Structures are given as C-alpha cells and as structure tokens.
Amino acid sequence: MSDVVRIQSNTRILKVFFFGIVVLLSFSCRKRGCMDENAINYDADAEIADNATCTYEPFEKTQMLTNICDNYIIPAYTNFNEKNIALSNSANGFSSDPTLDAFEALQQNWKDALLSWQQVCFLDFGPAAFVILNNQVNLHPVDTDVINNNISLGVYNLDQASNNDAKGYQALDYLLHQPGMTSEDHVTYFTNNANAMTYLTDVVDNISYWSNYILTEWTSSYKDSFKSNSSSESNAQGSSISNLVNGLCYHYESIIRKGKIGLPLGAFNGFSQQEMPELVECYYHQESLPFAIESVNAMKKYINGESFSSSENRLGLDDYINFVGATQNSSTLSSVINSQIDQIIDKLEQLNDPLSNEIITNKPAVTEAYSALQQLVPYLKVDMTSALGVLITYQDNDGD
Amino acid sequence: MTGIKEWLYRQTFSEKSISPLIVFRILFGIMMFLSTLRFILNGWVYELYIQPSYFFTYLGFDWVKPFDLYGISLLFGLLLLSTIFIALGLFYRISTIVFFICFTYIELIDKTNYLNHYYFISLIGFLLMFLPANKGCSLDAYLGLTSKQQKVQAWTINILKFQMAVVYIFAGISKLNYDWLFEAQPLRNWLKHQTDLPFIGELMQYEFTAYLFSWGGALFDLFIVFILLNNRFRIYGYTLVIIFHGLTAVMFPIGVFPYVMIVSTLIFFSPDFHKNIVVWIQDRFALKSKNTVQTEIKAPTQNKRAISLLLGLYILIQLIVPLRYLAYPGDLFWTEQGYRFSWRVMLIEKAGYAQFFIHHPDNGTKKLIDNKEYLTPQQEKMMSTQPDMILQFAHHLRDEYSDTVIIESNGAEINIKQAKVTAEVYVSLFNKGSRLFIDSDVNLSKIKRGFHHKDWILQNEN
C-alpha cells in the first residue's frame, strides 16, 4: 500500500467518524435543555431533561477554605485566646488578692473561656490534632484524686499526659465548684492553701499556654498551607478539606455526641446501659447544657460558612454540598444536616441542668436528645464525606 | 469450523519471536520492584499487616495469616528480591514462583486491601511461572543456567495479550450500566472536586465533561485491545492508552496502576519493536557472546494436548469469574455479590456507617460495639459497605463474646453462651442519601458465610 492510499483511507475514516458525531448531535427534535435549577444555563422551557448540557459555576474550594479560615477559624481562635488571657488575669488577680468578688469573677471568666472552647473544639485537625488539644484543655471526667494529690504534694508536671485528667477546664470545674463548699468556703480554702492556689494558677496558665500555642500555629504558618492545600486529587487524605471534614466528624462523633451526652447517659455502658451521671461535662458546676448547645451551635455556623462574630454567610461546606448536588430522601443534604442540627439544639434546650440529675430523673428526654445527636452521625460521616469526595484513604484505592 | 480451529492452532503453537516476552519480563520486574519498594517505604507493611488485630480473610483462605513483624518483613523482602531477579532473569523459574506465592499470599491476608490491579498482578505472576521469559537477554542465559531461544510458541505471548484483553473488555462491559452511561455516575460527583486541576480543571464545571469521560472511558475499555491488535492503528491506540491512564493518574489516587497498564500494553507491539529493545539492552550490557549453551532457534516441542487443555481451562475461568454476579438477584452495586475479581474499576461511590450490637441472652438489652476496638479506620470503612465483610466482622464479635462472662459496671453478671449479633448499617450509593443497608433484626451470628445469596441485604430504595 502506497503512502498516498494510506493517507486517503485515513481521511475517509475521519470523515465517517465526524459524520457519525454530527448525526448523533442533531438527533433530537423536541425541546431539550438543562433542567437542573442549580446550573447556570437552567432552561425553564425545556421539555426533556438533557442534563448533560448543564454548566455549573466551578466551586472555588480555595475561596471556601479562605472564608472558613479568615472569617471563622482565626477569629474563633483569637477569641478563645482572649478569653483565656482574661481567665489568666482573673486567676492572677484572685491569687494576689483572694476576695469573694475576685473569686466570682474567676468563675465567670472560667465559664466564658470554656464557652469559647466549644466554638473551636471541632477544629480537630492540623495543629490541634497534632497536640491533641482536647486532651490538653478539656478532657473529662477529671480525676479528683490526682488533682488533690498534686496539690498536697506540690510537685507535678502538667505537661505529662498522665496529668491530662488533672488539668484543663474540667480541673477548674472541680477546683472552683468543690462539692459542699460555698463561694466563701472556696475563698478560704485557696487563701489558706498556698499549694492549691499555685495549682489553680498553674492549671490556668497551662490552658492559656495552649490557647496561645494554637493561635500562633495558625496565624504564623498553618493558615497559608490550609488555604492553599486544596487541590489534592479528589480531596484525598492530607488535603485541607479532608482534614477539616475528618476532624469535624471525629470530634462530633466522639467528643460531642458520645462524650457530652452518650457516655453519661449510659448509651455506651455495656448491656445494662446504666447511667453514669458523674461523666457529664462540668459535673461540679452542675451546669453542662450551655456548653453542649454552644458546641453544636458553633458547629452549625462553621458548616454553613458563617463568620465567627456575625451571621454573615459566605462559602462553606453547605455550599460545597449543594454544588455536588447531594440529596437525602429527595431533600438537599445541606438542608437535612441543618434541620437535624436544629432538632438537636431543640432537644437539648428542652433539658434542664444539672444534666447529671436529668439523666436519672428525665431519662427519656435525654435519650431523645441523644437519638437526635446520633442521627446526625451518618449524615456527616456517610453522606457528607462521600458528597465531598473525602475518603479515609490510607492507601491507594481504585474506587471499589 | 476448521478455519477457527486453524486460527486457534496458529495462535497457540506457531513460532514467534521471543522478544516481546523478554521485554515484558524486564519491565514487569522493574515495575513490581518500584511498586513493592513504594509500598514498603510508605509504611504500609506495618499499617496494613501488623497494626490490625483482625483480618478479613477470603472464604477458604482463613489459614492465611500475616505472621508477626518478622514474618511479614521476610515475605516482603523475598518479594522485593524476586522482582529484581525477574527483571535480571536470574533463577527465573524460582523467582517467579516466589513472586507469585509471596504476592498472592500478602493479598489474601485481608480483603480490605483488595484492588483489581493487585489481582491482575497475581494473575500475571501466575502466568509468568509457565512462560519461558528468561530464554534470552537474561542472566540465566548469560550464565548458561538455561538455553537461549529465539522463538517461542505463540501462546506464551498471546496468553498475556488475552489477560490484558480480559481486563480492558470486562472493565468496559461493567461500565455498560444505567448509572455510568446515563447519569455519568460516579464520575459526575468525582469530577466536581477537580475544578482546580491545572489546564483541564475548567472543563470539569461542565456536566458534559462527566458524560464525555464516562462514555469515552467505556469506549476506550471496550475497544482499546482491538485497536492495539491492529498493526496500523496500534500507535494511535497506544497514545490513547497513555492519555487515558495518564489522566486517571492525575485525577485519582490510584497509585501505580496506570503505570503498570501503560507498560504492560507494550506486549501488543510487534516483535520487531521488541527486538530493537532487546538488541539495545544486549548492546548496553554485552550479554551476547559469553553464553556456553547452544542457541536454539526453534521453540522446543512440548505436549500440545496438555498445553491446549490447560490454556482452555485458564481462559474459561477468566471468562466465567467476572460473570458470576449474574447468578445473584438484586442490584450488584448495592449488594456487591460477585463484585470482586471482575475488573470493576472506579464504578461506584459508596460510603457506609455500621453499628454492631451484642444481645443479652435473656432480657433483650444490647451492648453497642466500638468498631475501633477491633478495626483500623480503613478496615471499618471497607467493611461498612460490603455485606460479606459485615458478616465476617459479626462472626468475629460472636466468637469474641461467646462463652464469656461479662461483669457490668453495676455489678450485673452476664453469662453469654452463643452471642446474638445484629447490626444497624447505613449505606449511601452515588450520594443519593444513606439508607438502611441490611436487616437490623437478623442475627448475623447464625448466618453462614458462603457464596449463596445474602437475603438479609435490604432492597436499595433508590
């Protein structure tokens, strides 16, 4: 076969191919068009859904990450750090001048700081995951024996993991609300017990060390890598979106759902499901619900891309979920998640503190709140992660 | 009929140049060396075979265990060594046997790690044991450990081509389903996360792109082998191979698989093409002259009847296994009965969440299991969407809890003889919302493992 003939036969094949494509494209005669309302070229007159022609605004992952970082994470950590500076100042004030007023101010500052922690606790990735921040500042239950032992010995190292359940907000919960003691008793206790006073300020200093640490980590270096590290393949492990979602899912499932309500309720307590009221957060303060509610509330803001200090709503995970078009029972997944969170807050608000009592006296209501918390787990872990293409990829995966 | 018979005979026993086989051996050895090295350097040996306390074994292979750190390290050491020896063509027969056994054994330890391309490598390893790929351009031939050969019987090359064809064509056939063709799933979901890819990211915002990729992928898989078989179009076909696998390598975390395929498809090239490579290698390493054994021009005569029979059997198995899903009722993507070993690559987007309960023997209360106590995150993830693994894990829990006495925090003593295990599992397929996956009331500890239909899987309501 000569070269000329070969070229000719090649062009003939090309012609047939193009002809075939033209025939395929001109096949339709009824009005076809994109019938997806989320698309840019949504065609209201279309009769036949030809969604292959739909065009969407590209989702700007970097923009979402920038929004979440600049408008939620950094302000929230800044606030967290400020509240802890205030806590630290008030502890030092009480230490130098142990009056009743100073003590009550300290209690209030403790509460404010703990509330500010609830707004950042689920940022459980990056620097926070690296140092296991939750265990540094808010592990519960605390071991009061270890606390009392540390105080009476006067020698301890709060950086040791063995002291994680003898420090943080929950240690302060105990120290500032010791059973059977009035505020005056507390003032007397700390005035007469120099070791206890030192321990109190040490615990506070330790918390503000960590709040300063986490803020510095984020503002100095992690911020930039978080915003830029978004273009990994399919949001694979290690990408910011994967980190953020995995951190959120983990913290919600293990610390909020299980730690704050499930464990004390007894949902994880073997066959008997015997209640364990002493496991509630802030057991000694006898007020747990505002903290639980705050964490879920803040999580909702975070998921929806709201700013920390206002309800200004920019690109968030909800928009990303909408962009992908994930549904649950023919509603959009983002609305399902939001209404489930609303339901959780509603159920939690119906409960009364002290939660440790409510668990015993009004168990059905607490169980209902727990069920609402539980119901969110698959929405986040299954539906959201798969919608966002976040895989728990520990190794290559060819998708089956 | 005689035409087909003759054709078959020619494809099996006619004499062909050995060079494609030699090039295949060398490249396969190098690829496997790099792939094994990467596996080890990534720390996966520890993560996948030492860290887990429980392994999802294959039915009939429950005796396969990862040994301890030393045992598994030895396996990987042997594997790595065998890949070098295969590339060099040294102690070829033993090396291929060691390679096949080590590789397959490692893959059989835990089905969590099942990947189609691992299965492919096992099959190639199996075939290589029987192929005379060391009869030239090898240390075996150089050192006189084997005779040199310029010709081999056609089947030794064609069986590799057949294997490649099976991979591509079955992968293509498996894409001929409603979700893939008419909903462009799961690519439609996946591509939406790719809008920030350099150069081609722009395209990903168009729904059309998902359909283009879906249809293009299906057509590619279905027809690429035929294009590669054609002398005239082969070079275009191979360009397509590079583009297709290159794209998948950029877009998805699928490791070395694309490169293995890009290299393996070279087998379709002409003997002359491979001869040039062999000559180039021989010139580089001066492997030509020192051989003491006489070069045999002709392929040795072998028992043609036995070869035909064994080849026929192998081919039959390769054709039946991917089709066994037809024997099961229900939606394949939902139940995954007959899903593995069938060249279904990147076909589904599935996620799940499973909670297991051990029941009190008398009073109806149940204890929630913390999966993390028994499984790694990867194992838990794979288990939550695959019924056979759910059942295996339930049986593991049954065995852990049966014949035990549990003392509760409230002092209650519970004596469990035969543990009843149930599971509440939610699965989402193609992002259409999580649904209850299996019958939450069924006592999984009483269900037998096996190839029979799992009637406790609920219908997919989507």
# chains A, B, ... in the order shown; residues from 1 in each chain; ligands from 1
>>> interface_residues(of="chain B", to="chain A", cutoff="6 Å", atoms="only C-alpha atoms", output="ChimeraX atom specification")
/B:193,205-208,251-255,346,351-352,365-367,431-433
>>> select_by_dssp(residues="stretch 307-361 of chain A", states="helix (DSSP H, G or I)", output="ChimeraX atom specification")
/A:317-324,333-349,355-361
>>> write_last_selection(atoms="N, CA and C atoms", output="mmCIF file, in the first residue's frame")
data_model
loop_
_atom_site.group_PDB
_atom_site.id
_atom_site.type_symbol
_atom_site.label_atom_id
_atom_site.label_comp_id
_atom_site.auth_asym_id
_atom_site.auth_seq_id
_atom_site.Cartn_x
_atom_site.Cartn_y
_atom_site.Cartn_z
ATOM 1 N N LEU A 317 -19.118 24.585 53.807
ATOM 2 C CA LEU A 317 -19.322 23.187 53.420
ATOM 3 C C LEU A 317 -20.719 22.985 52.842
ATOM 4 N N ASP A 318 -21.697 23.737 53.360
ATOM 5 C CA ASP A 318 -23.066 23.587 52.856
ATOM 6 C C ASP A 318 -23.134 23.910 51.361
ATOM 7 N N ASP A 319 -22.417 24.991 50.969
ATOM 8 C CA ASP A 319 -22.428 25.357 49.547
ATOM 9 C C ASP A 319 -21.730 24.299 48.709
ATOM 10 N N TYR A 320 -20.679 23.740 49.286
ATOM 11 C CA TYR A 320 -19.952 22.682 48.583
ATOM 12 C C TYR A 320 -20.860 21.465 48.392
ATOM 13 N N ILE A 321 -21.598 21.137 49.445
ATOM 14 C CA ILE A 321 -22.527 20.003 49.357
ATOM 15 C C ILE A 321 -23.595 20.285 48.302
ATOM 16 N N ASN A 322 -24.113 21.518 48.292
ATOM 17 C CA ASN A 322 -25.118 21.880 47.280
ATOM 18 C C ASN A 322 -24.540 21.813 45.877
ATOM 19 N N PHE A 323 -23.307 22.255 45.767
ATOM 20 C CA PHE A 323 -22.649 22.244 44.464
ATOM 21 C C PHE A 323 -22.593 20.829 43.893
ATOM 22 N N VAL A 324 -22.309 19.875 44.774
ATOM 23 C CA VAL A 324 -22.227 18.490 44.314
ATOM 24 C C VAL A 324 -23.620 17.910 44.075
ATOM 25 N N LEU A 333 -28.945 17.587 50.875
ATOM 26 C CA LEU A 333 -28.256 17.104 52.071
ATOM 27 C C LEU A 333 -27.971 18.243 53.044
ATOM 28 N N SER A 334 -27.624 19.416 52.496
ATOM 29 C CA SER A 334 -27.285 20.528 53.392
ATOM 30 C C SER A 334 -28.490 20.918 54.244
ATOM 31 N N SER A 335 -29.680 20.885 53.660
ATOM 32 C CA SER A 335 -30.866 21.243 54.450
ATOM 33 C C SER A 335 -31.179 20.148 55.469
ATOM 34 N N VAL A 336 -30.923 18.907 55.081
ATOM 35 C CA VAL A 336 -31.155 17.799 56.024
ATOM 36 C C VAL A 336 -30.212 17.932 57.228
ATOM 37 N N ILE A 337 -28.958 18.241 56.949
ATOM 38 C CA ILE A 337 -27.994 18.399 58.038
ATOM 39 C C ILE A 337 -28.393 19.569 58.930
ATOM 40 N N ASN A 338 -28.756 20.681 58.310
ATOM 41 C CA ASN A 338 -29.137 21.853 59.093
ATOM 42 C C ASN A 338 -30.368 21.599 59.955
ATOM 43 N N SER A 339 -31.366 20.929 59.385
ATOM 44 C CA SER A 339 -32.566 20.731 60.197
ATOM 45 C C SER A 339 -32.299 19.703 61.294
ATOM 46 N N GLN A 340 -31.389 18.760 61.018
ATOM 47 C CA GLN A 340 -31.031 17.810 62.076
ATOM 48 C C GLN A 340 -30.312 18.535 63.219
ATOM 49 N N ILE A 341 -29.439 19.461 62.880
ATOM 50 C CA ILE A 341 -28.743 20.226 63.926
ATOM 51 C C ILE A 341 -29.749 21.055 64.716
ATOM 52 N N ASP A 342 -30.712 21.667 64.006
ATOM 53 C CA ASP A 342 -31.748 22.436 64.707
ATOM 54 C C ASP A 342 -32.506 21.549 65.686
ATOM 55 N N GLN A 343 -32.785 20.339 65.224
ATOM 56 C CA GLN A 343 -33.523 19.415 66.076
ATOM 57 C C GLN A 343 -32.708 19.060 67.322
ATOM 58 N N ILE A 344 -31.405 18.870 67.123
ATOM 59 C CA ILE A 344 -30.532 18.563 68.258
ATOM 60 C C ILE A 344 -30.584 19.705 69.276
ATOM 61 N N ILE A 345 -30.430 20.922 68.770
ATOM 62 C CA ILE A 345 -30.431 22.076 69.668
ATOM 63 C C ILE A 345 -31.768 22.174 70.389
ATOM 64 N N ASP A 346 -32.830 21.960 69.646
ATOM 65 C CA ASP A 346 -34.168 21.998 70.237
ATOM 66 C C ASP A 346 -34.301 20.975 71.366
ATOM 67 N N LYS A 347 -33.856 19.756 71.102
ATOM 68 C CA LYS A 347 -33.973 18.695 72.126
ATOM 69 C C LYS A 347 -33.092 19.008 73.328
ATOM 70 N N LEU A 348 -31.912 19.552 73.071
ATOM 71 C CA LEU A 348 -31.023 19.869 74.183
ATOM 72 C C LEU A 348 -31.604 21.015 75.017
ATOM 73 N N GLU A 349 -32.246 21.958 74.329
ATOM 74 C CA GLU A 349 -32.798 23.100 75.058
ATOM 75 C C GLU A 349 -33.990 22.706 75.922
ATOM 76 N N LEU A 355 -27.473 18.370 84.267
ATOM 77 C CA LEU A 355 -27.663 17.241 83.367
ATOM 78 C C LEU A 355 -27.499 15.914 84.096
ATOM 79 N N SER A 356 -26.624 15.910 85.101
ATOM 80 C CA SER A 356 -26.394 14.658 85.825
ATOM 81 C C SER A 356 -27.670 14.199 86.536
ATOM 82 N N ASN A 357 -28.506 15.138 86.940
ATOM 83 C CA ASN A 357 -29.797 14.759 87.522
ATOM 84 C C ASN A 357 -30.798 14.378 86.450
ATOM 85 N N GLU A 358 -30.801 15.190 85.410
ATOM 86 C CA GLU A 358 -31.776 14.996 84.321
ATOM 87 C C GLU A 358 -31.650 13.582 83.751
ATOM 88 N N ILE A 359 -30.419 13.095 83.665
ATOM 89 C CA ILE A 359 -30.180 11.762 83.117
ATOM 90 C C ILE A 359 -30.926 10.704 83.937
ATOM 91 N N ILE A 360 -30.988 10.925 85.246
ATOM 92 C CA ILE A 360 -31.675 9.966 86.110
ATOM 93 C C ILE A 360 -33.176 10.218 86.125
ATOM 94 N N THR A 361 -33.561 11.485 86.295
ATOM 95 C CA THR A 361 -34.973 11.775 86.535
ATOM 96 C C THR A 361 -35.775 11.921 85.258
#
>>> atom_distance(atom1="atom CA of B:Val405", atom2="atom CA of A:Leu263")
22.6 Å
>>> residues_around(residues="A:Phe94", least_positions_apart="2", cutoff="12 Å", atoms="only C-alpha atoms", output="PyMOL selection string")
chain A and resi 87-92+96-107+109+176+186-188+190-191+197-198+200-201+204
>>> write_last_selection(atoms="N, CA and C atoms", output="short mmCIF file (atom, residue, chain, number, x, y, z; two decimals), in the first residue's frame")
data_model
loop_
_atom_site.label_atom_id
_atom_site.label_comp_id
_atom_site.auth_asym_id
_atom_site.auth_seq_id
_atom_site.Cartn_x
_atom_site.Cartn_y
_atom_site.Cartn_z
N LEU A 87 -9.08 34.92 81.58
CA LEU A 87 -9.12 33.92 82.66
C LEU A 87 -7.83 33.95 83.46
N SER A 88 -6.73 34.04 82.74
CA SER A 88 -5.43 34.05 83.39
C SER A 88 -5.27 35.30 84.27
N ASN A 89 -5.67 36.45 83.73
CA ASN A 89 -5.60 37.68 84.51
C ASN A 89 -6.44 37.58 85.78
N SER A 90 -7.63 37.02 85.61
CA SER A 90 -8.51 36.97 86.77
C SER A 90 -8.00 35.96 87.80
N ALA A 91 -7.34 34.89 87.33
CA ALA A 91 -6.75 33.95 88.29
C ALA A 91 -5.59 34.60 89.04
N ASN A 92 -4.79 35.39 88.32
CA ASN A 92 -3.69 36.08 88.98
C ASN A 92 -4.21 37.12 89.97
N SER A 96 -3.43 37.13 93.96
CA SER A 96 -2.77 38.19 94.72
C SER A 96 -3.72 38.83 95.74
N ASP A 97 -5.03 38.78 95.43
CA ASP A 97 -5.98 39.39 96.35
C ASP A 97 -7.24 38.53 96.41
N PRO A 98 -7.19 37.47 97.20
CA PRO A 98 -8.29 36.49 97.19
C PRO A 98 -9.56 36.99 97.90
N THR A 99 -10.32 37.81 97.16
CA THR A 99 -11.60 38.26 97.71
C THR A 99 -12.73 37.46 97.10
N LEU A 100 -13.92 37.63 97.66
CA LEU A 100 -15.09 36.94 97.13
C LEU A 100 -15.40 37.42 95.72
N ASP A 101 -15.29 38.75 95.52
CA ASP A 101 -15.54 39.31 94.19
C ASP A 101 -14.59 38.72 93.15
N ALA A 102 -13.33 38.68 93.53
CA ALA A 102 -12.32 38.14 92.62
C ALA A 102 -12.62 36.69 92.29
N PHE A 103 -13.09 35.95 93.28
CA PHE A 103 -13.40 34.54 93.06
C PHE A 103 -14.57 34.39 92.09
N GLU A 104 -15.58 35.19 92.32
CA GLU A 104 -16.76 35.07 91.44
C GLU A 104 -16.43 35.53 90.02
N ALA A 105 -15.56 36.54 89.92
CA ALA A 105 -15.10 36.95 88.58
C ALA A 105 -14.34 35.82 87.91
N LEU A 106 -13.56 35.13 88.70
CA LEU A 106 -12.80 33.99 88.17
C LEU A 106 -13.74 32.91 87.64
N GLN A 107 -14.77 32.62 88.42
CA GLN A 107 -15.76 31.62 87.98
C GLN A 107 -16.38 32.03 86.64
N ASN A 109 -15.14 34.08 84.40
CA ASN A 109 -14.15 34.02 83.32
C ASN A 109 -13.88 32.59 82.88
N LEU A 176 -13.10 25.07 91.33
CA LEU A 176 -13.91 26.27 91.58
C LEU A 176 -15.32 25.94 92.08
N HIS A 186 -14.66 28.52 99.33
CA HIS A 186 -13.61 28.41 98.33
C HIS A 186 -12.53 29.45 98.55
N VAL A 187 -12.98 30.70 98.84
CA VAL A 187 -12.01 31.76 99.07
C VAL A 187 -11.11 31.40 100.25
N THR A 188 -11.75 30.91 101.33
CA THR A 188 -10.99 30.49 102.50
C THR A 188 -10.02 29.37 102.15
N PHE A 190 -8.64 28.54 99.27
CA PHE A 190 -7.48 28.97 98.47
C PHE A 190 -6.57 29.91 99.27
N THR A 191 -7.18 30.70 100.17
CA THR A 191 -6.35 31.60 100.97
C THR A 191 -5.44 30.82 101.91
N MET A 197 -3.67 27.24 95.64
CA MET A 197 -3.67 28.48 94.87
C MET A 197 -2.68 28.40 93.71
N THR A 198 -1.49 27.86 94.02
CA THR A 198 -0.49 27.69 92.96
C THR A 198 -1.01 26.75 91.88
N LEU A 200 -4.05 26.13 91.06
CA LEU A 200 -5.09 26.83 90.30
C LEU A 200 -4.46 27.70 89.21
N THR A 201 -3.49 28.52 89.59
CA THR A 201 -2.89 29.40 88.57
C THR A 201 -2.07 28.60 87.56
N VAL A 204 -4.52 27.24 85.04
CA VAL A 204 -4.96 28.34 84.16
C VAL A 204 -3.85 28.72 83.18
#
>>> residues_around(residues="stretch 244-254 of chain A", least_positions_apart="2", cutoff="9 Å", atoms="only C-alpha atoms", output="JSON, numbers by chain")
{"A": [121, 122, 123, 124, 125, 126, 129, 239, 240, 241, 242, 256, 257, 258, 259, 260, 296, 299, 317, 373, 374, 376, 377, 380, 381, 384, 385, 388, 390, 392]}
>>> select_by_dssp(residues="stretch 261-440 of chain B", states="strand (DSSP E)", output="count of residues only")
33
>>> closest_atom_pairs(of="stretch 236-326 of chain A", to="stretch 70-74 of chain A", cutoff="10 Å", atoms="only C-alpha atoms", output="tab-separated table")
residue	atom	partner	partner_atom	distance
A:Ala298	CA	A:Tyr72	CA	9.8
A:Lys301	CA	A:Tyr72	CA	8.6
A:Tyr302	CA	A:Tyr72	CA	6.9
A:Gly305	CA	A:Tyr72	CA	7.8
A:Glu306	CA	A:Tyr72	CA	7.1
A:Ser307	CA	A:Asn71	CA	4.8
A:Phe308	CA	A:Tyr72	CA	4.6
A:Ser309	CA	A:Tyr72	CA	8.0
A:Ser310	CA	A:Asn71	CA	9.3
A:Glu312	CA	A:Asn71	CA	9.3
A:Asn313	CA	A:Asn71	CA	9.8
A:Arg314	CA	A:Asn71	CA	9.1
>>> atom_distance(atom1="atom CA of B:Val427", atom2="atom CA of B:Asp399")
25.6 Å
>>> atom_distance(atom1="atom CA of B:Ser270", atom2="atom CA of B:Gln282")
18.6 Å
>>> residues_around(residues="B:Gln153", least_positions_apart="3", cutoff="12 Å", atoms="only C-alpha atoms", output="VMD selection string")
chain B and resid 9 to 18 21 131 to 133 149 to 150 156 to 159 297 to 304 307 to 308
>>> closest_residue(among="B:Arg93, B:Ile262, B:Val250, B:Ala154", to="B:Ile200", atoms="only C-alpha atoms")
B:Val250
>>> closest_residue(among="A:Ser221, A:Thr66, A:Asn41, A:Asn164", to="A:Leu315", atoms="only C-alpha atoms")
A:Thr66
>>> closest_residue(among="B:Leu309, B:Leu143, B:Val345, B:Leu59", to="B:Asp388", atoms="only C-alpha atoms")
B:Leu59
>>> residues_around(residues="B:Ile242", least_positions_apart="3", cutoff="10 Å", atoms="only C-alpha atoms", output="list in words")
Tyr236, Gly237, Tyr238, Thr239, His245, Gly246, Leu247, Thr248, Pro258, Tyr259, Met261, Ile262, Val263 and Thr265 of chain B
>>> closest_atom_pairs(of="stretch 12-65 of chain B", to="stretch 439-457 of chain B", cutoff="12 Å", atoms="only C-alpha atoms", output="CSV")
residue,atom,partner,partner_atom,distance
B:Thr57,CA,B:Arg449,CA,11.6
B:Tyr58,CA,B:Gly450,CA,10.2
B:Leu59,CA,B:Gly450,CA,7.1
B:Gly60,CA,B:Gly450,CA,9.4
B:Asp62,CA,B:Arg449,CA,11.9
>>> residues_around(residues="stretch 37-39 of chain B", least_positions_apart="4", cutoff="10 Å", atoms="only C-alpha atoms", output="number ranges by chain")
A: 395-396; B: 31-33, 43-45, 76-77, 79-80, 255-256
>>> write_last_selection(atoms="N, CA and C atoms", output="PDB file, in the first residue's frame")
ATOM      1  N   GLN A 395      -4.361   4.387  51.798  1.00  0.00           N
ATOM      2  CA  GLN A 395      -3.514   3.928  50.708  1.00  0.00           C
ATOM      3  C   GLN A 395      -4.277   4.045  49.408  1.00  0.00           C
ATOM      4  N   ASP A 396      -3.646   3.644  48.326  1.00  0.00           N
ATOM      5  CA  ASP A 396      -4.285   3.745  47.018  1.00  0.00           C
ATOM      6  C   ASP A 396      -5.600   3.023  47.017  1.00  0.00           C
TER       7      ASP A 396
ATOM      8  N   MET B  31       8.766  -2.660  37.254  1.00  0.00           N
ATOM      9  CA  MET B  31       7.544  -2.050  37.801  1.00  0.00           C
ATOM     10  C   MET B  31       7.221  -2.618  39.179  1.00  0.00           C
ATOM     11  N   MET B  32       7.333  -3.939  39.299  1.00  0.00           N
ATOM     12  CA  MET B  32       6.986  -4.580  40.568  1.00  0.00           C
ATOM     13  C   MET B  32       7.995  -4.216  41.655  1.00  0.00           C
ATOM     14  N   PHE B  33       9.236  -4.065  41.246  1.00  0.00           N
ATOM     15  CA  PHE B  33      10.251  -3.636  42.206  1.00  0.00           C
ATOM     16  C   PHE B  33       9.897  -2.264  42.761  1.00  0.00           C
ATOM     17  N   GLY B  43       5.330   2.763  54.539  1.00  0.00           N
ATOM     18  CA  GLY B  43       4.997   2.241  55.854  1.00  0.00           C
ATOM     19  C   GLY B  43       3.743   1.390  55.873  1.00  0.00           C
ATOM     20  N   TRP B  44       3.302   0.942  54.689  1.00  0.00           N
ATOM     21  CA  TRP B  44       2.049   0.198  54.633  1.00  0.00           C
ATOM     22  C   TRP B  44       2.179  -1.216  55.181  1.00  0.00           C
ATOM     23  N   VAL B  45       3.388  -1.758  55.187  1.00  0.00           N
ATOM     24  CA  VAL B  45       3.549  -3.121  55.711  1.00  0.00           C
ATOM     25  C   VAL B  45       3.082  -3.146  57.161  1.00  0.00           C
ATOM     26  N   PHE B  76       7.940  -9.664  52.455  1.00  0.00           N
ATOM     27  CA  PHE B  76       8.173  -8.512  51.595  1.00  0.00           C
ATOM     28  C   PHE B  76       9.614  -8.479  51.090  1.00  0.00           C
ATOM     29  N   GLY B  77      10.547  -8.918  51.915  1.00  0.00           N
ATOM     30  CA  GLY B  77      11.933  -8.986  51.483  1.00  0.00           C
ATOM     31  C   GLY B  77      12.085  -9.947  50.314  1.00  0.00           C
ATOM     32  N   LEU B  79       9.758 -10.890  48.315  1.00  0.00           N
ATOM     33  CA  LEU B  79       9.025 -10.324  47.183  1.00  0.00           C
ATOM     34  C   LEU B  79       9.900  -9.333  46.427  1.00  0.00           C
ATOM     35  N   LEU B  80      10.522  -8.452  47.186  1.00  0.00           N
ATOM     36  CA  LEU B  80      11.364  -7.419  46.581  1.00  0.00           C
ATOM     37  C   LEU B  80      12.535  -8.055  45.826  1.00  0.00           C
ATOM     38  N   GLY B 255      -2.391   5.286  42.646  1.00  0.00           N
ATOM     39  CA  GLY B 255      -1.056   4.718  42.775  1.00  0.00           C
ATOM     40  C   GLY B 255      -0.423   4.296  41.472  1.00  0.00           C
ATOM     41  N   VAL B 256       0.136   3.092  41.461  1.00  0.00           N
ATOM     42  CA  VAL B 256       0.957   2.660  40.331  1.00  0.00           C
ATOM     43  C   VAL B 256       0.148   2.019  39.209  1.00  0.00           C
TER      44      VAL B 256
END
